[in-house]
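Student: File name start_4.cif; file contents mmCIF, C-alpha atoms; full text below.
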data_query
#
loop_
_atom_site.label_atom_id
_atom_site.label_comp_id
_atom_site.auth_asym_id
_atom_site.auth_seq_id
_atom_site.Cartn_x
_atom_site.Cartn_y
_atom_site.Cartn_z
CA MET A 1 46.73 -21.92 17.15
CA ARG A 2 48.54 -24.83 18.74
CA PHE A 3 48.74 -22.73 21.88
CA LEU A 4 45.00 -22.10 21.71
CA VAL A 5 43.68 -25.57 20.95
CA ARG A 6 45.00 -26.89 24.21
CA THR A 7 43.93 -24.02 26.39
CA ALA A 8 42.20 -26.17 28.96
CA GLY A 9 44.45 -26.53 31.92
CA ARG A 10 46.65 -23.70 30.64
CA PRO A 11 45.27 -20.58 32.27
CA ARG A 12 48.37 -18.62 31.30
CA SER A 13 47.02 -18.28 27.76
CA ARG A 14 44.18 -16.06 28.93
CA ALA A 15 46.22 -12.95 29.74
CA PRO A 16 48.14 -12.70 26.45
CA VAL A 17 44.98 -13.35 24.46
CA ARG A 18 43.17 -10.60 26.36
CA MET A 19 46.09 -8.25 25.70
CA PHE A 20 45.93 -9.11 22.00
CA ILE A 21 42.19 -8.39 21.97
CA ALA A 22 42.78 -5.03 23.68
CA PHE A 23 45.42 -4.02 21.14
CA ALA A 24 43.30 -5.26 18.23
CA ALA A 25 40.41 -3.13 19.52
CA LEU A 26 42.68 -0.08 19.75
CA ALA A 27 43.98 -0.74 16.23
CA LEU A 28 40.45 -1.06 14.89
CA ALA A 29 39.38 2.16 16.60
CA GLY A 30 42.45 3.99 15.34
CA TRP A 31 41.92 2.73 11.82
CA ALA A 32 38.26 3.81 11.86
CA VAL A 33 39.06 7.28 13.21
CA GLN A 34 41.81 7.68 10.61
CA ARG A 35 39.50 6.71 7.77
CA VAL A 36 36.70 9.00 8.98
CA ARG A 37 39.09 11.95 9.36
CA GLU A 38 40.36 11.33 5.82
CA GLY A 39 36.80 11.57 4.50
CA GLY A 40 36.01 7.86 4.43
CA LEU A 41 32.33 8.48 5.16
CA VAL A 42 31.85 11.04 2.39
CA PRO A 43 31.56 9.59 -1.14
CA ALA A 44 32.79 12.80 -2.76
CA GLU A 45 35.96 12.80 -0.65
CA VAL A 46 36.61 9.13 -1.42
CA GLU A 47 36.28 9.89 -5.12
CA ALA A 48 38.59 12.91 -4.80
CA TYR A 49 41.23 10.72 -3.12
CA TYR A 50 41.18 7.95 -5.72
CA LEU A 51 40.30 9.91 -8.86
CA GLY A 52 42.24 13.09 -8.12
CA VAL A 53 41.16 16.55 -9.13
CA PRO A 54 38.72 16.77 -12.08
CA GLY A 55 40.68 16.22 -15.26
CA GLY A 56 43.67 14.87 -13.35
CA ALA A 57 45.06 11.36 -13.21
CA PRO A 58 43.57 8.84 -10.80
CA LEU A 59 45.69 7.11 -8.17
CA GLY A 60 48.10 4.72 -9.91
CA SER A 61 47.75 0.94 -9.98
CA ALA A 62 50.87 0.45 -7.88
CA ALA A 63 49.46 2.64 -5.09
CA LEU A 64 46.14 0.79 -5.17
CA TRP A 65 47.84 -2.59 -4.96
CA GLU A 66 50.13 -1.40 -2.17
CA GLU A 67 47.04 -0.49 -0.17
CA VAL A 68 45.69 -3.99 -0.79
CA HIS A 69 49.04 -5.54 0.17
CA VAL A 70 49.25 -3.78 3.53
CA GLY A 71 45.57 -4.31 4.33
CA ALA A 72 45.66 -8.00 3.40
CA PHE A 73 48.48 -8.58 5.87
CA VAL A 74 46.98 -6.62 8.75
CA GLN A 75 43.39 -7.79 8.34
CA GLY A 76 44.25 -11.34 7.33
CA PHE A 77 46.50 -11.91 10.30
CA THR A 78 44.13 -10.25 12.78
CA LEU A 79 41.11 -12.19 11.53
CA PHE A 80 43.10 -15.43 11.65
CA VAL A 81 44.06 -14.90 15.28
CA LEU A 82 40.60 -13.71 16.33
CA GLY A 83 39.03 -16.65 14.48
CA SER A 84 41.35 -19.06 16.26
CA VAL A 85 40.43 -17.55 19.63
CA LEU A 86 36.77 -17.77 18.69
CA VAL A 87 37.17 -21.50 18.10
CA VAL A 88 38.16 -22.09 21.70
CA SER A 89 35.41 -19.85 23.05
CA PRO A 90 32.02 -21.25 24.02
CA ILE A 91 30.05 -20.00 21.04
CA PRO A 92 27.74 -22.03 18.80
CA ASP A 93 29.51 -23.11 15.64
CA ARG A 94 26.98 -21.43 13.34
CA VAL A 95 27.39 -18.05 15.06
CA ARG A 96 31.17 -18.37 15.10
CA ARG A 97 31.27 -19.17 11.39
CA ALA A 98 28.86 -16.35 10.50
CA LEU A 99 30.88 -13.79 12.48
CA LEU A 100 34.19 -14.69 10.90
CA VAL A 101 32.94 -15.15 7.34
CA THR A 102 31.07 -11.82 7.48
CA ALA A 103 34.09 -9.96 8.84
CA ALA A 104 36.42 -11.58 6.28
CA ALA A 105 34.08 -10.90 3.35
CA ALA A 106 33.59 -7.28 4.42
CA ALA A 107 37.36 -6.82 4.81
CA LEU A 108 38.00 -8.27 1.34
CA CYS A 109 35.32 -6.03 -0.21
CA ASP A 110 36.81 -3.00 1.53
CA LEU A 111 40.31 -3.87 0.30
CA LEU A 112 39.16 -4.27 -3.30
CA ALA A 113 36.59 -1.45 -3.41
CA PRO A 114 39.10 1.23 -4.58
CA PHE A 115 39.44 -0.66 -7.87
CA ALA A 116 35.69 -0.28 -8.37
CA VAL A 117 35.86 3.46 -7.60
CA VAL A 118 38.71 3.97 -10.09
CA GLY A 119 37.22 1.59 -12.67
CA LEU A 120 33.78 3.20 -12.57
CA GLY A 121 35.18 6.72 -12.37
CA GLY A 122 33.04 7.48 -9.33
CA TRP A 123 30.76 5.60 -6.99
CA GLY A 124 32.68 6.57 -3.84
CA ALA A 125 29.63 5.37 -1.94
CA ILE A 126 30.84 1.79 -2.57
CA ARG A 127 33.95 2.39 -0.47
CA VAL A 128 31.91 4.13 2.19
CA ALA A 129 29.60 1.11 2.39
CA THR A 130 32.45 -1.41 2.49
CA PHE A 131 34.24 0.65 5.17
CA VAL A 132 31.14 0.74 7.37
CA ALA A 133 30.54 -2.99 6.82
CA ALA A 134 34.18 -3.89 7.55
CA ALA A 135 34.36 -1.71 10.66
CA LEU A 136 31.07 -2.94 12.11
CA SER A 137 31.65 -6.63 11.38
CA SER A 138 35.19 -6.52 12.78
CA ALA A 139 33.98 -4.64 15.87
CA THR A 140 31.24 -7.23 16.41
CA LEU A 141 33.73 -10.07 16.05
CA LEU A 142 36.10 -8.42 18.51
CA ALA A 143 33.34 -7.75 21.02
CA VAL A 144 32.10 -11.35 20.91
CA VAL A 145 35.64 -12.70 21.30
CA ALA A 146 36.32 -10.31 24.18
CA VAL A 147 33.14 -11.30 26.01
CA ARG A 148 33.18 -15.05 25.40
CA PHE A 149 36.85 -16.03 25.50
CA GLY A 150 37.68 -17.53 28.86
CA SER A 151 34.07 -17.72 30.04
CA GLU A 152 33.16 -20.85 31.91
CA VAL A 153 31.71 -23.87 30.12
CA GLY A 154 30.44 -26.74 32.19
CA GLY A 155 32.96 -26.10 34.92
CA ALA A 156 35.88 -26.11 32.48
CA ARG A 157 37.62 -22.82 31.96
CA PRO A 158 39.15 -22.70 28.47
CA GLY A 159 42.29 -20.71 28.86
CA MET B 1 43.66 -45.42 3.59
CA HIS B 2 42.22 -42.20 4.98
CA ALA B 3 43.82 -40.69 8.03
CA PRO B 4 41.45 -40.12 10.94
CA VAL B 5 39.92 -36.67 11.05
CA ASP B 6 41.10 -34.72 14.06
CA PRO B 7 38.37 -32.57 15.63
CA ARG B 8 41.02 -30.07 16.70
CA ILE B 9 41.76 -29.47 13.00
CA ALA B 10 38.13 -29.41 11.88
CA ARG B 11 37.22 -26.74 14.41
CA HIS B 12 39.86 -24.38 13.01
CA ARG B 13 38.67 -24.76 9.43
CA VAL B 14 37.11 -21.32 8.90
CA PRO B 15 39.96 -19.24 10.39
CA ALA B 16 42.56 -21.29 8.54
CA LEU B 17 40.79 -21.05 5.19
CA THR B 18 40.24 -17.32 5.76
CA PHE B 19 43.97 -16.97 6.37
CA ALA B 20 44.68 -18.93 3.16
CA VAL B 21 42.54 -16.49 1.15
CA PHE B 22 44.39 -13.51 2.62
CA LEU B 23 47.73 -15.24 1.99
CA LEU B 24 46.82 -15.52 -1.69
CA LEU B 25 45.86 -11.84 -1.73
CA ILE B 26 49.17 -10.91 -0.08
CA ALA B 27 51.07 -12.94 -2.69
CA ALA B 28 49.07 -11.55 -5.63
CA SER B 29 49.36 -7.92 -4.52
CA ALA B 30 53.09 -8.34 -3.82
CA ALA B 31 53.62 -9.72 -7.34
CA VAL B 32 51.73 -6.84 -8.95
CA VAL B 33 53.54 -4.18 -6.90
CA PHE B 34 56.89 -5.86 -7.63
CA ALA B 35 56.22 -5.85 -11.38
CA LEU B 36 54.78 -2.31 -11.48
CA GLU B 37 57.32 -0.59 -9.25
CA LEU B 38 60.56 -2.48 -9.76
CA GLY B 39 60.09 -3.61 -13.32
CA ALA B 40 60.13 -7.04 -14.84
CA THR B 41 63.84 -7.21 -15.68
CA PRO B 42 66.95 -7.08 -13.47
CA ALA B 43 68.24 -4.09 -15.45
CA ARG B 44 65.13 -2.03 -14.69
CA MET B 45 65.27 -3.17 -11.10
CA ALA B 46 68.86 -2.01 -10.75
CA ALA B 47 67.90 1.35 -12.26
CA HIS B 48 65.02 1.64 -9.81
CA TYR B 49 67.37 1.37 -6.83
CA ARG B 50 70.54 2.99 -8.17
CA GLY B 51 68.85 5.73 -10.13
CA GLY B 52 68.94 6.38 -13.84
CA GLY B 53 67.52 8.87 -16.28
CA PHE B 54 65.54 11.36 -14.21
CA ALA B 55 64.94 8.96 -11.34
CA PRO B 56 67.12 9.56 -8.26
CA ALA B 57 68.87 6.70 -6.47
CA LYS B 58 67.09 5.32 -3.42
CA THR B 59 68.35 6.60 -0.11
CA LEU B 60 69.10 4.47 2.92
CA ASP B 61 66.09 6.00 4.66
CA GLY B 62 63.87 5.10 1.72
CA LEU B 63 65.08 1.50 1.70
CA LEU B 64 64.62 1.17 5.47
CA LEU B 65 61.08 2.53 5.19
CA VAL B 66 60.18 -0.54 3.13
CA ALA B 67 62.46 -3.07 4.82
CA VAL B 68 61.53 -2.53 8.47
CA PRO B 69 57.77 -3.27 8.23
CA HIS B 70 58.59 -6.31 6.09
CA LEU B 71 61.05 -7.56 8.71
CA VAL B 72 58.09 -7.80 11.08
CA ALA B 73 55.34 -8.82 8.68
CA MET B 74 57.05 -11.53 6.64
CA PRO B 75 58.25 -13.76 9.51
CA LEU B 76 54.90 -13.33 11.26
CA VAL B 77 52.91 -14.50 8.24
CA LEU B 78 55.32 -17.34 7.45
CA PHE B 79 55.41 -18.41 11.07
CA ALA B 80 51.61 -18.52 11.31
CA ALA B 81 51.18 -20.46 8.07
CA SER B 82 54.00 -22.92 8.73
CA HIS B 83 52.90 -23.40 12.33
CA VAL B 84 49.43 -24.54 11.28
CA VAL B 85 50.62 -26.69 8.38
CA GLY B 86 53.31 -28.24 10.56
CA TRP B 87 50.84 -28.96 13.32
CA ALA B 88 48.55 -30.72 10.84
CA ARG B 89 51.52 -32.67 9.44
CA ALA B 90 50.35 -31.94 5.91
CA VAL B 91 53.78 -32.66 4.42
CA SER B 92 56.71 -34.89 5.24
CA ARG B 93 59.33 -33.59 7.64
CA ARG B 94 61.83 -33.15 4.79
CA GLY B 95 59.28 -31.34 2.62
CA PHE B 96 58.31 -29.12 5.52
CA ARG B 97 61.92 -28.15 6.17
CA ALA B 98 62.50 -27.47 2.48
CA LEU B 99 59.44 -25.24 2.34
CA LEU B 100 60.57 -23.42 5.48
CA ALA B 101 63.99 -22.83 3.94
CA LEU B 102 62.42 -21.57 0.71
CA SER B 103 60.05 -19.27 2.63
CA PHE B 104 62.45 -17.68 5.05
CA GLY B 105 65.33 -17.72 2.54
CA GLY B 106 63.15 -15.97 -0.03
CA ALA B 107 61.99 -13.46 2.57
CA ALA B 108 65.55 -12.74 3.70
CA LEU B 109 66.73 -12.23 0.12
CA SER B 110 63.75 -10.03 -0.72
CA ILE B 111 64.56 -7.76 2.20
CA ALA B 112 68.36 -7.77 1.79
CA CYS B 113 68.64 -7.46 -1.99
CA PRO B 114 67.50 -3.83 -2.34
CA PHE B 115 70.43 -2.85 -0.09
CA LEU B 116 72.80 -5.10 -2.04
CA ILE B 117 71.65 -3.67 -5.37
CA ARG B 118 71.90 -0.09 -4.19
CA PHE B 119 75.19 -0.22 -2.27
CA VAL B 120 77.09 -3.31 -3.46
CA ALA B 121 76.35 -4.52 -6.98
CA PRO B 122 73.53 -4.12 -9.50
CA ALA B 123 73.92 -7.80 -10.36
CA ALA B 124 72.19 -8.59 -7.08
CA ALA B 125 68.98 -7.81 -8.98
CA TRP B 126 69.10 -11.40 -10.26
CA LEU B 127 69.22 -12.59 -6.68
CA HIS B 128 66.27 -10.33 -5.88
CA VAL B 129 64.21 -11.89 -8.67
CA ALA B 130 65.13 -15.39 -7.48
CA GLY B 131 64.36 -14.60 -3.83
CA PHE B 132 61.04 -12.99 -4.66
CA ALA B 133 60.04 -15.88 -6.93
CA GLY B 134 60.91 -18.34 -4.16
CA LEU B 135 58.91 -16.40 -1.61
CA GLU B 136 55.89 -16.18 -3.91
CA ALA B 137 56.08 -19.91 -4.62
CA ALA B 138 56.28 -20.60 -0.89
CA LEU B 139 53.25 -18.40 -0.14
CA LEU B 140 51.27 -20.24 -2.80
CA ALA B 141 52.43 -23.55 -1.35
CA TRP B 142 51.39 -22.58 2.21
CA ALA B 143 47.97 -21.42 0.99
CA THR B 144 47.54 -24.64 -1.00
CA LEU B 145 48.56 -26.77 1.97
CA LEU B 146 46.16 -24.91 4.26
CA CYS B 147 43.36 -25.61 1.79
CA ALA B 148 44.45 -29.24 1.46
CA VAL B 149 44.34 -29.69 5.22
CA PHE B 150 41.24 -27.69 6.05
CA VAL B 151 38.74 -28.04 3.20
CA PRO B 152 35.91 -30.23 4.52
CA TRP B 153 36.63 -33.28 2.39
CA ARG B 154 40.34 -33.29 3.23
CA ALA B 155 40.37 -32.30 6.89
CA ALA B 156 42.63 -35.06 8.09
CA VAL B 157 45.68 -35.25 10.28
CA ARG B 158 48.16 -38.00 10.77
CA ALA B 159 48.34 -38.96 14.38
CA LEU B 160 51.81 -39.90 15.47
CA PRO B 161 52.77 -42.23 18.29
CA GLY B 162 52.93 -40.22 21.48
CA ASP B 163 50.21 -37.74 20.47
CA ARG B 164 48.08 -36.85 23.45
CA PRO B 165 44.30 -37.12 23.22
CA LEU B 166 42.14 -34.04 23.77
CA PRO B 167 42.28 -32.94 27.40
CA PRO B 168 39.02 -33.68 29.24
CA ALA B 169 38.11 -30.01 29.69
CA GLU B 170 38.57 -29.28 26.03
CA ALA B 171 36.65 -32.38 25.06
CA THR B 172 33.84 -31.05 27.26
CA LEU B 173 34.00 -27.72 25.47
CA ALA B 174 34.01 -29.42 22.07
CA ALA B 175 31.03 -31.54 23.03
CA ARG B 176 29.02 -28.58 24.30
CA VAL B 177 29.56 -26.38 21.27
CA PRO B 178 27.37 -27.81 18.49
CA SER B 179 29.29 -28.19 15.26
CA ARG B 180 28.06 -29.47 11.96
CA ALA B 181 31.61 -29.23 10.67
CA ARG B 182 32.97 -31.41 13.42
CA PRO B 183 33.18 -34.97 12.22
CA GLY B 184 31.42 -37.50 14.32
CA THR B 185 28.78 -35.11 15.65
#
Take the structure in the file and give it back as structure tokens.

Tutor:
Amino acid sequence: MRFLVRTAGRPRSRAPVRMFIAFAALALAGWAVQRVREGGLVPAEVEAYYLGVPGGAPLGSAALWEEVHVGAFVQGFTLFVLGSVLVVSPIPDRVRRALLVTAAAAALCDLLAPFAVVGLGGWGAIRVATFVAAALSSATLLAVVAVRFGSEVGGARPG
Amino acid sequence: MHAPVDPRIARHRVPALTFAVFLLLIAASAAVVFALELGATPARMAAHYRGGGFAPAKTLDGLLLVAVPHLVAMPLVLFAASHVVGWARAVSRRGFRALLALSFGGAALSIACPFLIRFVAPAAAWLHVAGFAGLEAALLAWATLLCAVFVPWRAAVRALPGDRPLPPAEATLAARVPSRARPGT
């Protein structure tokens, strides 16, 4: 963040930030493909993953919390960095705030949705909806950051 | 007397508070996983790593599978949180150093202790509990400090002698991007 807040006059920051954006986009795409291939868009398959076979035991609490633990690190850190880059990009404050808050809220809902599926004994559609919302909002955030970071503002090139 | 609000801080409010929320989630999920998987007592923890009953002892590969991602993730998270809090000068220099020591010390113990318990002495489970408790306390402290610095009614930073003002180009950028959150606009 310190590196980013004083980007003006430091054009060297632009290349590493662009590299980070490229890798974040690849990670997001990989994550989405992985989830789709595992049945993340089919409520019945989501339910089968979390609830197990009919009559069987659902996924344990420890496994659910481990999923939250890993996701909170990856998504929290990525959103923090993207949000910090967004701050130094020429974007209206209201848009910037809406983009980041939406992506963060969707990510949190997606992380916690498995508890709803297990708790309700079904409703895999909840996780499908949170996955779609998280993927789309994160992709939008990434796209805006990629397009706007480093664009000229009044003759000053941030980064 | 209130410290002057720094627009550089105010502009980073949403990302920093978002990070604080995720820090709390990381700490909460780590505590639950720790309690569920390792057990609440050092004796159960030692049994988890060294085997007991029908449970086999953890292998070196199994321990590395957990340790390696944490060797990357923990310093990264602690670095990001401490970097922002340090930049905002939310705590005294001594307090900041103490919190850094608690954070990275707790992280180092949390990563090293499973190996110590498994291959050196089961008594290291006590050290594991202490290290994990320290790390959890530090994560809570970083999240609290981020909130203290970045919530709208507390977004203040202490300017120190020698601090440079905003560079002209960045000031131009700040002026052109409308911000209701930015004080003085």

Student: Measuring atom to atom with all atoms listed in the file, identify which of B:Phe79, B:Phe22, B:Phe115, B:Phe150 is nearest to Ala101 in chain B.

Tutor: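 For Ala101 in chain B, the nearest of the given residues is B:Phe79.
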
Student: May I have the residues within 7 Å of Ala67 in chain B as JSON, numbers by chain, using all atoms listed in the file and disregarding those fewer than 4 positions away in the same chain?

Tutor: {"B": [63, 71, 111]}

Student: Would you kindly translate the PyMOL selection byres ((chain A and resi 127) around 12) into the concrete residues it picks from this file, as a PyMOL selection string?

Tutor: chain A and resi 35-36+39-47+49-50+106-118+122-126+128-135

Student: Selection from above, C-alpha atoms, as a JSON list (two decimals), in the coordinates of the input, can you write it?

Tutor:
[["chain", "number", "residue", "atom", "x", "y", "z"],
["A", 35, "ARG", "CA", 39.50, 6.71, 7.77],
["A", 36, "VAL", "CA", 36.70, 9.00, 8.98],
["A", 39, "GLY", "CA", 36.80, 11.57, 4.50],
["A", 40, "GLY", "CA", 36.01, 7.86, 4.43],
["A", 41, "LEU", "CA", 32.33, 8.48, 5.16],
["A", 42, "VAL", "CA", 31.85, 11.04, 2.39],
["A", 43, "PRO", "CA", 31.56, 9.59, -1.14],
["A", 44, "ALA", "CA", 32.79, 12.80, -2.76],
["A", 45, "GLU", "CA", 35.96, 12.80, -0.65],
["A", 46, "VAL", "CA", 36.61, 9.13, -1.42],
["A", 47, "GLU", "CA", 36.28, 9.89, -5.12],
["A", 49, "TYR", "CA", 41.23, 10.72, -3.12],
["A", 50, "TYR", "CA", 41.18, 7.95, -5.72],
["A", 106, "ALA", "CA", 33.59, -7.28, 4.42],
["A", 107, "ALA", "CA", 37.36, -6.82, 4.81],
["A", 108, "LEU", "CA", 38.00, -8.27, 1.34],
["A", 109, "CYS", "CA", 35.32, -6.03, -0.21],
["A", 110, "ASP", "CA", 36.81, -3.00, 1.53],
["A", 111, "LEU", "CA", 40.31, -3.87, 0.30],
["A", 112, "LEU", "CA", 39.16, -4.27, -3.30],
["A", 113, "ALA", "CA", 36.59, -1.45, -3.41],
["A", 114, "PRO", "CA", 39.10, 1.23, -4.58],
["A", 115, "PHE", "CA", 39.44, -0.66, -7.87],
["A", 116, "ALA", "CA", 35.69, -0.28, -8.37],
["A", 117, "VAL", "CA", 35.86, 3.46, -7.60],
["A", 118, "VAL", "CA", 38.71, 3.97, -10.09],
["A", 122, "GLY", "CA", 33.04, 7.48, -9.33],
["A", 123, "TRP", "CA", 30.76, 5.60, -6.99],
["A", 124, "GLY", "CA", 32.68, 6.57, -3.84],
["A", 125, "ALA", "CA", 29.63, 5.37, -1.94],
["A", 126, "ILE", "CA", 30.84, 1.79, -2.57],
["A", 128, "VAL", "CA", 31.91, 4.13, 2.19],
["A", 129, "ALA", "CA", 29.60, 1.11, 2.39],
["A", 130, "THR", "CA", 32.45, -1.41, 2.49],
["A", 131, "PHE", "CA", 34.24, 0.65, 5.17],
["A", 132, "VAL", "CA", 31.14, 0.74, 7.37],
["A", 133, "ALA", "CA", 30.54, -2.99, 6.82],
["A", 134, "ALA", "CA", 34.18, -3.89, 7.55],
["A", 135, "ALA", "CA", 34.36, -1.71, 10.66]]

Student: Counting all atoms listed in the file, find residues at most 10 Å from (70.0, -0.2, -10.4) (file frame) and give them as a PyMOL selection string.

Tutor: chain B and resi 38+42-52+57-58+114+117-119+121-125

Student: I need the output of the PyMOL selection byres ((chain A) within 6 of (chain B)) for this file as an MDAnalysis selection string; which residues are they?

Tutor: chainID A and resid 8 62 65 69 72 76 80 83 92:93 156

Student: Based on the selection just made, write C-alpha atoms of those residues as a short mmCIF file (atom, residue, chain, number, x, y, z; two decimals), in the coordinates of the input.

Tutor:
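And here's selection_36.cif as it stands now:
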data_model
loop_
_atom_site.label_atom_id
_atom_site.label_comp_id
_atom_site.auth_asym_id
_atom_site.auth_seq_id
_atom_site.Cartn_x
_atom_site.Cartn_y
_atom_site.Cartn_z
CA ALA A 8 42.20 -26.17 28.96
CA ALA A 62 50.87 0.45 -7.88
CA TRP A 65 47.84 -2.59 -4.96
CA HIS A 69 49.04 -5.54 0.17
CA ALA A 72 45.66 -8.00 3.40
CA GLY A 76 44.25 -11.34 7.33
CA PHE A 80 43.10 -15.43 11.65
CA GLY A 83 39.03 -16.65 14.48
CA PRO A 92 27.74 -22.03 18.80
CA ASP A 93 29.51 -23.11 15.64
CA ALA A 156 35.88 -26.11 32.48
#

Student: Would you mind reading off the distance between CA of Ala105 in chain A and CA of Val87 in chain A, one decimal, in Å?

Tutor: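 Atom-to-atom, CA of Ala105 in chain A to CA of Val87 in chain A, that is 18.4 Å.
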
Student: Nearest to Arg89 in chain B: which of B:Val120, B:Leu145, B:Ala40, B:Ala108 is it, counting all atoms listed in the file?

Tutor: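 The closest residue to Arg89 in chain B is B:Leu145.
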
Student: What's the separation between CA of Val147 in chain A and CA of Gly30 in chain A, in Å to one decimal place?

Tutor: 20.8 Å

Student: For the structure shown, which residues end up in the PyMOL selection byres ((chain A and resi 27) around 12)? Put them as an NGL selection string, please?

Tutor: :A and (20-26 or 28-34 or 74-75 or 78 or 135 or 138-139 or 142)

Student: Return the padded bounding box of range 64-83 of chain A as lines of an AutoDock Vina configuration file: axis-aligned, built from all atoms listed in the file, 4 Å added on each side, with centre and edge lengths in Å to one decimal.

Tutor:
center_x = 44.6
center_y = -7.9
center_z = 5.6
size_x = 19.1
size_y = 25.4
size_z = 29.5

Student: Which neighbours of Pro75 in chain B fall inside 12 Å, counting all atoms listed in the file, when residues of the same chain fewer than 6 positions from it are skipped, and could you give them as a list of chain:residue names?

Tutor: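 Contacts, with the query itself left out: A:Phe73, A:Phe77, B:Val68, B:Pro69, B:Ala81, B:Ser82, B:His83, B:Leu100, B:Ser103, B:Phe104, B:Gly105, B:Gly106, B:Ala107, B:Ala108, B:Ile111, B:Leu135, B:Leu139.
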
Student: How many Å lie between CA of Ala141 in chain B and CA of Arg93 in chain B, rounded to one decimal?

Tutor: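 That distance, rounded to one decimal, is 15.1 Å.
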
Student: Which residue, A:Ala98, A:Ser84, A:Ala143, A:Gly52, has the smallest gap to Ala10 in chain B when you use all atoms listed in the file?

Tutor: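 The shortest atom-to-atom distance to Ala10 in chain B comes from A:Ser84.
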
Student: Which residue is closest to Thr102 in chain A? Choose from A:Leu79, A:Gly60, A:Val70, A:Pro90 and count only C-alpha atoms.

Tutor: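 Among the listed residues, the smallest separation from Thr102 in chain A belongs to A:Leu79.
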
Student: Go through B:Leu109, B:Ala90, B:Val66, B:Cys147 one by one, measure the shortest atom-to-atom distance of each to Val129 in chain B using all atoms listed in the file, and give the residue with the smallest value.

Tutor: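 Nearest candidate to Val129 in chain B out of B:Leu109, B:Ala90, B:Val66, B:Cys147: B:Leu109.
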